[in-house]
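Structure file run19.cif (mmCIF, N, CA and C atoms) is printed below.
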```cif
data_my_file
#
loop_
_atom_site.label_atom_id
_atom_site.label_comp_id
_atom_site.auth_asym_id
_atom_site.auth_seq_id
_atom_site.Cartn_x
_atom_site.Cartn_y
_atom_site.Cartn_z
N MET A 1 -71.91 -188.34 -100.16
CA MET A 1 -70.54 -188.25 -100.63
C MET A 1 -69.87 -187.08 -99.91
N PRO A 2 -68.72 -187.27 -99.31
CA PRO A 2 -68.02 -186.17 -98.63
C PRO A 2 -67.63 -185.08 -99.62
N GLN A 3 -67.53 -183.87 -99.09
CA GLN A 3 -67.21 -182.70 -99.93
C GLN A 3 -65.90 -182.89 -100.68
N LEU A 4 -64.86 -183.37 -100.03
CA LEU A 4 -63.55 -183.55 -100.66
C LEU A 4 -63.63 -184.51 -101.83
N THR A 5 -64.36 -185.59 -101.68
CA THR A 5 -64.50 -186.57 -102.74
C THR A 5 -65.25 -185.98 -103.93
N ARG A 6 -66.30 -185.21 -103.65
CA ARG A 6 -67.07 -184.59 -104.72
C ARG A 6 -66.19 -183.63 -105.52
N ARG A 7 -65.36 -182.84 -104.84
CA ARG A 7 -64.48 -181.91 -105.54
C ARG A 7 -63.47 -182.65 -106.40
N LYS A 8 -62.94 -183.73 -105.88
CA LYS A 8 -61.98 -184.52 -106.67
C LYS A 8 -62.67 -185.09 -107.91
N THR A 9 -63.92 -185.54 -107.71
CA THR A 9 -64.67 -186.10 -108.85
C THR A 9 -64.93 -185.04 -109.90
N ILE A 10 -65.35 -183.86 -109.46
CA ILE A 10 -65.61 -182.77 -110.40
C ILE A 10 -64.32 -182.34 -111.09
N GLY A 11 -63.24 -182.22 -110.35
CA GLY A 11 -61.94 -181.85 -110.93
C GLY A 11 -61.48 -182.87 -111.95
N PHE A 12 -61.67 -184.16 -111.62
CA PHE A 12 -61.27 -185.21 -112.54
C PHE A 12 -62.10 -185.15 -113.82
N ALA A 13 -63.41 -184.92 -113.66
CA ALA A 13 -64.29 -184.82 -114.83
C ALA A 13 -63.90 -183.63 -115.71
N LEU A 14 -63.57 -182.51 -115.08
CA LEU A 14 -63.14 -181.34 -115.86
C LEU A 14 -61.82 -181.61 -116.57
N ALA A 15 -60.91 -182.27 -115.90
CA ALA A 15 -59.62 -182.59 -116.51
C ALA A 15 -59.81 -183.49 -117.72
N LEU A 16 -60.75 -184.41 -117.63
CA LEU A 16 -61.01 -185.30 -118.77
C LEU A 16 -61.66 -184.54 -119.92
N SER A 17 -62.47 -183.54 -119.63
CA SER A 17 -63.19 -182.84 -120.69
C SER A 17 -62.31 -181.86 -121.46
N ILE A 18 -61.25 -181.36 -120.86
CA ILE A 18 -60.38 -180.39 -121.54
C ILE A 18 -59.76 -180.96 -122.81
N PRO A 19 -59.18 -182.19 -122.78
CA PRO A 19 -58.65 -182.73 -124.05
C PRO A 19 -59.73 -182.90 -125.10
N MET A 20 -60.96 -183.23 -124.67
CA MET A 20 -62.04 -183.40 -125.64
C MET A 20 -62.38 -182.07 -126.29
N VAL A 21 -62.34 -180.98 -125.54
CA VAL A 21 -62.59 -179.65 -126.10
C VAL A 21 -61.50 -179.31 -127.10
N HIS A 22 -60.24 -179.57 -126.74
CA HIS A 22 -59.14 -179.29 -127.67
C HIS A 22 -59.25 -180.13 -128.93
N ALA A 23 -59.64 -181.39 -128.78
CA ALA A 23 -59.82 -182.26 -129.95
C ALA A 23 -60.93 -181.73 -130.84
N ALA A 24 -62.02 -181.25 -130.24
CA ALA A 24 -63.13 -180.69 -131.03
C ALA A 24 -62.68 -179.45 -131.78
N LEU A 25 -61.90 -178.59 -131.12
CA LEU A 25 -61.42 -177.39 -131.79
C LEU A 25 -60.47 -177.74 -132.92
N ALA A 26 -59.60 -178.72 -132.69
CA ALA A 26 -58.66 -179.13 -133.73
C ALA A 26 -59.38 -179.74 -134.91
N ALA A 27 -60.51 -180.40 -134.66
CA ALA A 27 -61.27 -181.02 -135.72
C ALA A 27 -62.02 -179.99 -136.56
N ASP A 28 -62.25 -178.81 -136.03
CA ASP A 28 -62.93 -177.76 -136.76
C ASP A 28 -61.94 -177.07 -137.68
N PRO A 29 -62.08 -177.24 -138.98
CA PRO A 29 -61.11 -176.64 -139.90
C PRO A 29 -61.06 -175.12 -139.81
N MET A 30 -62.17 -174.51 -139.48
CA MET A 30 -62.21 -173.06 -139.39
C MET A 30 -61.23 -172.56 -138.32
N THR A 31 -61.10 -173.31 -137.22
CA THR A 31 -60.23 -172.91 -136.12
C THR A 31 -58.77 -172.85 -136.58
N ALA A 32 -58.35 -173.83 -137.34
CA ALA A 32 -56.96 -173.89 -137.76
C ALA A 32 -56.63 -172.93 -138.90
N ILE A 33 -57.57 -172.69 -139.78
CA ILE A 33 -57.30 -171.91 -140.99
C ILE A 33 -57.65 -170.43 -140.83
N ASP A 34 -58.71 -170.13 -140.10
CA ASP A 34 -59.19 -168.77 -139.92
C ASP A 34 -58.33 -168.05 -138.87
N THR A 35 -57.18 -167.56 -139.28
CA THR A 35 -56.21 -167.00 -138.34
C THR A 35 -56.67 -165.67 -137.73
N ASP A 36 -57.51 -164.91 -138.43
CA ASP A 36 -57.98 -163.65 -137.84
C ASP A 36 -59.29 -163.81 -137.06
N LYS A 37 -59.77 -165.04 -136.97
CA LYS A 37 -60.94 -165.41 -136.16
C LYS A 37 -62.20 -164.61 -136.48
N ASP A 38 -62.43 -164.38 -137.79
CA ASP A 38 -63.65 -163.67 -138.20
C ASP A 38 -64.72 -164.63 -138.74
N ASN A 39 -64.51 -165.92 -138.52
CA ASN A 39 -65.45 -166.98 -138.90
C ASN A 39 -65.62 -167.17 -140.40
N VAL A 40 -64.66 -166.70 -141.17
CA VAL A 40 -64.60 -166.97 -142.61
C VAL A 40 -63.14 -167.17 -142.99
N ILE A 41 -62.93 -167.84 -144.11
CA ILE A 41 -61.59 -168.04 -144.64
C ILE A 41 -61.47 -167.21 -145.90
N ASP A 42 -60.49 -166.33 -145.93
CA ASP A 42 -60.25 -165.57 -147.16
C ASP A 42 -59.12 -166.25 -147.94
N ILE A 43 -58.86 -165.78 -149.12
CA ILE A 43 -57.87 -166.44 -149.98
C ILE A 43 -56.48 -166.40 -149.37
N ASP A 44 -56.14 -165.33 -148.67
CA ASP A 44 -54.81 -165.26 -148.04
C ASP A 44 -54.67 -166.32 -146.95
N GLU A 45 -55.70 -166.51 -146.15
CA GLU A 45 -55.66 -167.55 -145.12
C GLU A 45 -55.58 -168.93 -145.76
N ALA A 46 -56.30 -169.12 -146.85
CA ALA A 46 -56.26 -170.40 -147.56
C ALA A 46 -54.85 -170.66 -148.10
N LYS A 47 -54.23 -169.63 -148.63
CA LYS A 47 -52.87 -169.80 -149.19
C LYS A 47 -51.85 -170.11 -148.10
N VAL A 48 -51.99 -169.50 -146.94
CA VAL A 48 -51.08 -169.79 -145.82
C VAL A 48 -51.23 -171.26 -145.42
N ALA A 49 -52.47 -171.71 -145.27
CA ALA A 49 -52.71 -173.11 -144.91
C ALA A 49 -52.20 -174.05 -146.00
N ALA A 50 -52.41 -173.67 -147.27
CA ALA A 50 -51.95 -174.50 -148.39
C ALA A 50 -50.43 -174.59 -148.42
N ALA A 51 -49.76 -173.49 -148.13
CA ALA A 51 -48.29 -173.51 -148.11
C ALA A 51 -47.77 -174.46 -147.03
N LYS A 52 -48.44 -174.45 -145.88
CA LYS A 52 -48.05 -175.38 -144.79
C LYS A 52 -48.29 -176.82 -145.22
N LYS A 53 -49.42 -177.07 -145.86
CA LYS A 53 -49.75 -178.42 -146.33
C LYS A 53 -48.74 -178.86 -147.39
N PHE A 54 -48.41 -177.97 -148.32
CA PHE A 54 -47.43 -178.29 -149.35
C PHE A 54 -46.11 -178.68 -148.70
N ALA A 55 -45.65 -177.90 -147.76
CA ALA A 55 -44.38 -178.18 -147.08
C ALA A 55 -44.42 -179.52 -146.34
N ALA A 56 -45.55 -179.82 -145.72
CA ALA A 56 -45.68 -181.08 -145.00
C ALA A 56 -45.68 -182.28 -145.95
N LEU A 57 -46.31 -182.12 -147.11
CA LEU A 57 -46.35 -183.20 -148.09
C LEU A 57 -45.01 -183.40 -148.80
N ASP A 58 -44.23 -182.36 -148.90
CA ASP A 58 -42.95 -182.40 -149.61
C ASP A 58 -41.88 -183.07 -148.73
N THR A 59 -42.01 -184.38 -148.59
CA THR A 59 -41.16 -185.11 -147.65
C THR A 59 -39.69 -185.12 -148.04
N ASP A 60 -39.39 -185.04 -149.33
CA ASP A 60 -37.98 -185.01 -149.74
C ASP A 60 -37.42 -183.59 -149.87
N LYS A 61 -38.25 -182.62 -149.56
CA LYS A 61 -37.86 -181.19 -149.51
C LYS A 61 -37.20 -180.70 -150.80
N ASP A 62 -37.78 -181.11 -151.94
CA ASP A 62 -37.27 -180.64 -153.23
C ASP A 62 -38.17 -179.57 -153.85
N ASP A 63 -39.13 -179.07 -153.09
CA ASP A 63 -40.08 -178.05 -153.53
C ASP A 63 -40.96 -178.53 -154.68
N MET A 64 -41.14 -179.83 -154.76
CA MET A 64 -42.01 -180.45 -155.76
C MET A 64 -42.75 -181.60 -155.09
N LEU A 65 -43.97 -181.83 -155.56
CA LEU A 65 -44.74 -182.97 -155.06
C LEU A 65 -44.90 -183.98 -156.19
N ASP A 66 -44.50 -185.21 -155.92
CA ASP A 66 -44.68 -186.27 -156.91
C ASP A 66 -45.87 -187.13 -156.51
N HIS A 67 -46.17 -188.14 -157.33
CA HIS A 67 -47.33 -189.00 -157.07
C HIS A 67 -47.23 -189.68 -155.71
N ALA A 68 -46.04 -190.12 -155.34
CA ALA A 68 -45.86 -190.81 -154.06
C ALA A 68 -46.17 -189.89 -152.89
N GLU A 69 -45.73 -188.65 -152.96
CA GLU A 69 -46.00 -187.70 -151.88
C GLU A 69 -47.48 -187.32 -151.80
N MET A 70 -48.16 -187.39 -152.92
CA MET A 70 -49.58 -187.02 -152.96
C MET A 70 -50.52 -188.20 -152.73
N LYS A 71 -49.98 -189.40 -152.65
CA LYS A 71 -50.81 -190.59 -152.48
C LYS A 71 -51.70 -190.44 -151.24
N GLY A 72 -52.98 -190.62 -151.45
CA GLY A 72 -53.95 -190.49 -150.38
C GLY A 72 -54.42 -189.06 -150.14
N HIS A 73 -53.82 -188.11 -150.83
CA HIS A 73 -54.19 -186.71 -150.66
C HIS A 73 -54.84 -186.12 -151.90
N MET A 74 -54.55 -186.71 -153.05
CA MET A 74 -55.09 -186.20 -154.31
C MET A 74 -55.17 -187.36 -155.29
N SER A 75 -56.25 -187.45 -156.00
CA SER A 75 -56.41 -188.52 -156.98
C SER A 75 -55.50 -188.27 -158.18
N ALA A 76 -55.19 -189.34 -158.88
CA ALA A 76 -54.34 -189.23 -160.07
C ALA A 76 -54.93 -188.30 -161.13
N PRO A 77 -56.24 -188.37 -161.41
CA PRO A 77 -56.79 -187.45 -162.41
C PRO A 77 -56.67 -185.97 -162.01
N ILE A 78 -56.90 -185.67 -160.74
CA ILE A 78 -56.76 -184.28 -160.27
C ILE A 78 -55.29 -183.86 -160.36
N PHE A 79 -54.40 -184.77 -160.00
CA PHE A 79 -52.96 -184.48 -160.09
C PHE A 79 -52.60 -184.10 -161.53
N ARG A 80 -53.09 -184.88 -162.49
CA ARG A 80 -52.77 -184.60 -163.91
C ARG A 80 -53.31 -183.23 -164.34
N VAL A 81 -54.50 -182.89 -163.87
CA VAL A 81 -55.07 -181.58 -164.21
C VAL A 81 -54.25 -180.46 -163.59
N ALA A 82 -53.82 -180.64 -162.34
CA ALA A 82 -53.05 -179.61 -161.65
C ALA A 82 -51.64 -179.46 -162.23
N ASP A 83 -51.11 -180.54 -162.79
CA ASP A 83 -49.77 -180.54 -163.36
C ASP A 83 -49.78 -179.90 -164.75
N THR A 84 -49.86 -178.59 -164.78
CA THR A 84 -50.05 -177.87 -166.04
C THR A 84 -48.86 -177.95 -166.98
N ASP A 85 -47.65 -178.16 -166.47
CA ASP A 85 -46.49 -178.27 -167.36
C ASP A 85 -46.18 -179.72 -167.74
N ARG A 86 -47.01 -180.64 -167.27
CA ARG A 86 -46.94 -182.07 -167.63
C ARG A 86 -45.59 -182.73 -167.32
N ASP A 87 -44.94 -182.30 -166.22
CA ASP A 87 -43.67 -182.91 -165.84
C ASP A 87 -43.84 -183.99 -164.77
N LYS A 88 -45.08 -184.34 -164.46
CA LYS A 88 -45.43 -185.35 -163.46
C LYS A 88 -45.00 -184.97 -162.06
N LEU A 89 -44.90 -183.66 -161.84
CA LEU A 89 -44.59 -183.08 -160.53
C LEU A 89 -45.46 -181.85 -160.34
N LEU A 90 -45.81 -181.57 -159.10
CA LEU A 90 -46.50 -180.32 -158.81
C LEU A 90 -45.55 -179.40 -158.07
N ASP A 91 -45.28 -178.24 -158.66
CA ASP A 91 -44.51 -177.26 -157.92
C ASP A 91 -45.50 -176.41 -157.11
N LYS A 92 -44.98 -175.53 -156.30
CA LYS A 92 -45.85 -174.76 -155.41
C LYS A 92 -46.80 -173.86 -156.21
N THR A 93 -46.36 -173.34 -157.35
CA THR A 93 -47.22 -172.49 -158.17
C THR A 93 -48.42 -173.27 -158.68
N GLU A 94 -48.19 -174.50 -159.14
CA GLU A 94 -49.29 -175.33 -159.62
C GLU A 94 -50.24 -175.70 -158.48
N TYR A 95 -49.67 -176.00 -157.33
CA TYR A 95 -50.49 -176.34 -156.16
C TYR A 95 -51.36 -175.16 -155.75
N MET A 96 -50.76 -173.98 -155.72
CA MET A 96 -51.51 -172.78 -155.33
C MET A 96 -52.57 -172.42 -156.37
N ALA A 97 -52.30 -172.67 -157.63
CA ALA A 97 -53.30 -172.42 -158.68
C ALA A 97 -54.52 -173.31 -158.46
N LEU A 98 -54.27 -174.56 -158.06
CA LEU A 98 -55.38 -175.46 -157.77
C LEU A 98 -56.14 -174.99 -156.53
N VAL A 99 -55.43 -174.50 -155.53
CA VAL A 99 -56.08 -173.95 -154.33
C VAL A 99 -56.99 -172.79 -154.72
N GLU A 100 -56.49 -171.88 -155.53
CA GLU A 100 -57.31 -170.73 -155.96
C GLU A 100 -58.54 -171.18 -156.74
N LYS A 101 -58.36 -172.15 -157.60
CA LYS A 101 -59.48 -172.66 -158.39
C LYS A 101 -60.54 -173.28 -157.48
N ARG A 102 -60.10 -174.07 -156.54
CA ARG A 102 -61.05 -174.70 -155.62
C ARG A 102 -61.68 -173.67 -154.66
N PHE A 103 -60.92 -172.65 -154.29
CA PHE A 103 -61.47 -171.59 -153.44
C PHE A 103 -62.62 -170.91 -154.17
N LYS A 104 -62.39 -170.56 -155.43
CA LYS A 104 -63.44 -169.88 -156.21
C LYS A 104 -64.67 -170.77 -156.37
N ALA A 105 -64.45 -172.07 -156.56
CA ALA A 105 -65.58 -172.99 -156.69
C ALA A 105 -66.37 -173.09 -155.39
N ALA A 106 -65.68 -173.03 -154.25
CA ALA A 106 -66.35 -173.14 -152.95
C ALA A 106 -67.04 -171.84 -152.55
N ASP A 107 -66.59 -170.73 -153.08
CA ASP A 107 -67.14 -169.40 -152.74
C ASP A 107 -68.40 -169.16 -153.57
N THR A 108 -69.47 -169.84 -153.18
CA THR A 108 -70.70 -169.82 -153.98
C THR A 108 -71.39 -168.47 -154.04
N ASP A 109 -71.18 -167.63 -153.03
CA ASP A 109 -71.80 -166.30 -153.07
C ASP A 109 -70.85 -165.23 -153.60
N ASN A 110 -69.69 -165.63 -154.04
CA ASN A 110 -68.69 -164.75 -154.67
C ASN A 110 -68.35 -163.51 -153.83
N ASP A 111 -68.24 -163.71 -152.51
CA ASP A 111 -67.87 -162.59 -151.65
C ASP A 111 -66.39 -162.60 -151.27
N GLY A 112 -65.65 -163.56 -151.84
CA GLY A 112 -64.21 -163.63 -151.55
C GLY A 112 -63.89 -164.29 -150.22
N LYS A 113 -64.89 -164.90 -149.61
CA LYS A 113 -64.72 -165.55 -148.31
C LYS A 113 -65.48 -166.87 -148.30
N ILE A 114 -64.93 -167.82 -147.55
CA ILE A 114 -65.59 -169.11 -147.38
C ILE A 114 -66.08 -169.19 -145.94
N ASP A 115 -67.39 -169.35 -145.78
CA ASP A 115 -67.94 -169.52 -144.43
C ASP A 115 -68.13 -171.01 -144.16
N ALA A 116 -68.60 -171.32 -142.96
CA ALA A 116 -68.76 -172.72 -142.56
C ALA A 116 -69.73 -173.46 -143.48
N LYS A 117 -70.78 -172.80 -143.93
CA LYS A 117 -71.75 -173.43 -144.83
C LYS A 117 -71.10 -173.79 -146.16
N GLU A 118 -70.33 -172.86 -146.72
CA GLU A 118 -69.65 -173.13 -147.99
C GLU A 118 -68.57 -174.20 -147.82
N LEU A 119 -67.93 -174.20 -146.66
CA LEU A 119 -66.88 -175.17 -146.39
C LEU A 119 -67.44 -176.59 -146.29
N SER A 120 -68.71 -176.72 -145.94
CA SER A 120 -69.32 -178.04 -145.79
C SER A 120 -69.83 -178.62 -147.11
N THR A 121 -69.78 -177.84 -148.19
CA THR A 121 -70.23 -178.33 -149.50
C THR A 121 -69.15 -179.24 -150.10
N PRO A 122 -69.49 -180.01 -151.13
CA PRO A 122 -68.46 -180.80 -151.80
C PRO A 122 -67.27 -179.95 -152.29
N ALA A 123 -67.56 -178.76 -152.82
CA ALA A 123 -66.46 -177.89 -153.28
C ALA A 123 -65.62 -177.42 -152.11
N GLY A 124 -66.26 -177.12 -150.99
CA GLY A 124 -65.53 -176.70 -149.79
C GLY A 124 -64.67 -177.83 -149.25
N LYS A 125 -65.19 -179.03 -149.24
CA LYS A 125 -64.43 -180.19 -148.78
C LYS A 125 -63.25 -180.48 -149.71
N SER A 126 -63.45 -180.24 -150.98
CA SER A 126 -62.37 -180.40 -151.95
C SER A 126 -61.25 -179.39 -151.68
N LEU A 127 -61.63 -178.18 -151.34
CA LEU A 127 -60.65 -177.16 -150.95
C LEU A 127 -59.92 -177.58 -149.69
N LEU A 128 -60.67 -178.04 -148.70
CA LEU A 128 -60.07 -178.45 -147.43
C LEU A 128 -59.00 -179.53 -147.62
N ALA A 129 -59.21 -180.40 -148.57
CA ALA A 129 -58.25 -181.47 -148.82
C ALA A 129 -56.86 -180.89 -149.17
N LEU A 130 -56.85 -179.70 -149.73
CA LEU A 130 -55.58 -179.06 -150.09
C LEU A 130 -55.00 -178.23 -148.94
N LEU A 131 -55.81 -177.98 -147.92
CA LEU A 131 -55.40 -177.08 -146.84
C LEU A 131 -55.05 -177.81 -145.55
N GLN A 132 -55.60 -178.98 -145.36
CA GLN A 132 -55.39 -179.69 -144.09
C GLN A 132 -54.49 -180.90 -144.26
#
```

Can I see the file as structure tokens?
Amino acid sequence: MPQLTRRKTIGFALALSIPMVHAALAADPMTAIDTDKDNVIDIDEAKVAAAKKFAALDTDKDDMLDHAEMKGHMSAPIFRVADTDRDKLLDKTEYMALVEKRFKAADTDNDGKIDAKELSTPAGKSLLALLQ
């Protein structure tokens, strides 16, 4: 194989691999949520991610989430538990209270941080559902 062709082949292969690396990083929840890059998620980072998720789910921009906006993101029974004032809407305070509750459940070693191992547990995955 001529040198020029080999370089083109290697360059093409590298160009193809870059999107795959970005996709892998995007798929890693720690990358998106762990803003200080210390390989753990603290409650402040979780709240920032949760606020972004809340805003994204709030399609009518009324600062409330109804059943339609939560469809596919939260089960009806969890919604009812989170809806502490029983108005069939979740405001940001109720959403954040659920985030804090799930954060505490996922923080099995009670160090105030969620690492990759804790994030992979059912409680960690439940927290992630509110953050991503």

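CA of Glu100 (chain A) is found 18.1 Å from CA of Met64 (chain A).
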
- Task: Please write the residues picked by the PyMOL selection byres (((chain A and resi 81-84 and name CA) around 12) and name CA) on this file as a PyMOL selection string.
- Result: chain A and resi 64-67+70+74-80+85-102+130

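Going from atom N of Ala123 (chain A) over to atom N of Asp63 (chain A), you cover 28.4 Å.
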
- Task: Would you list the contacts of Ser126 (chain A) as a PyMOL selection string, taking every protein, DNA or RNA residue within 8 Å and counting only N, CA and C atoms, but skipping same-chain residues closer than 5 positions in sequence?
- Result: chain A and resi 99+102-103+106+119-121+131

- Message: Need to verify the contact set: Val40 (chain A), 6 Å, only C-alpha atoms, exclusion of same-chain residues closer than 3 positions in sequence. Can you return it as number ranges by chain?
- Response: A: 113-115

- Task: Can you pull out every residue within 8 Å of Asp34 (chain A), counting all atoms listed in the file, but drop anything in the same chain fewer than 6 positions away, and send it as a list in words?
- Result: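 My reading of the contact set: Val40, Ile41, Asp42, Glu45 and Ala46 of chain A.
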
Any chance you could work out the axis-aligned box around region 101-116 of chain A, listed atoms only, 6 Å on each side, giving centre and edge lengths in Å to one decimal, as JSON?
```
{"center_x": -65.1, "center_y": -168.6, "center_z": -150.5, "size_x": 25.4, "size_y": 24.1, "size_z": 27.8}
```
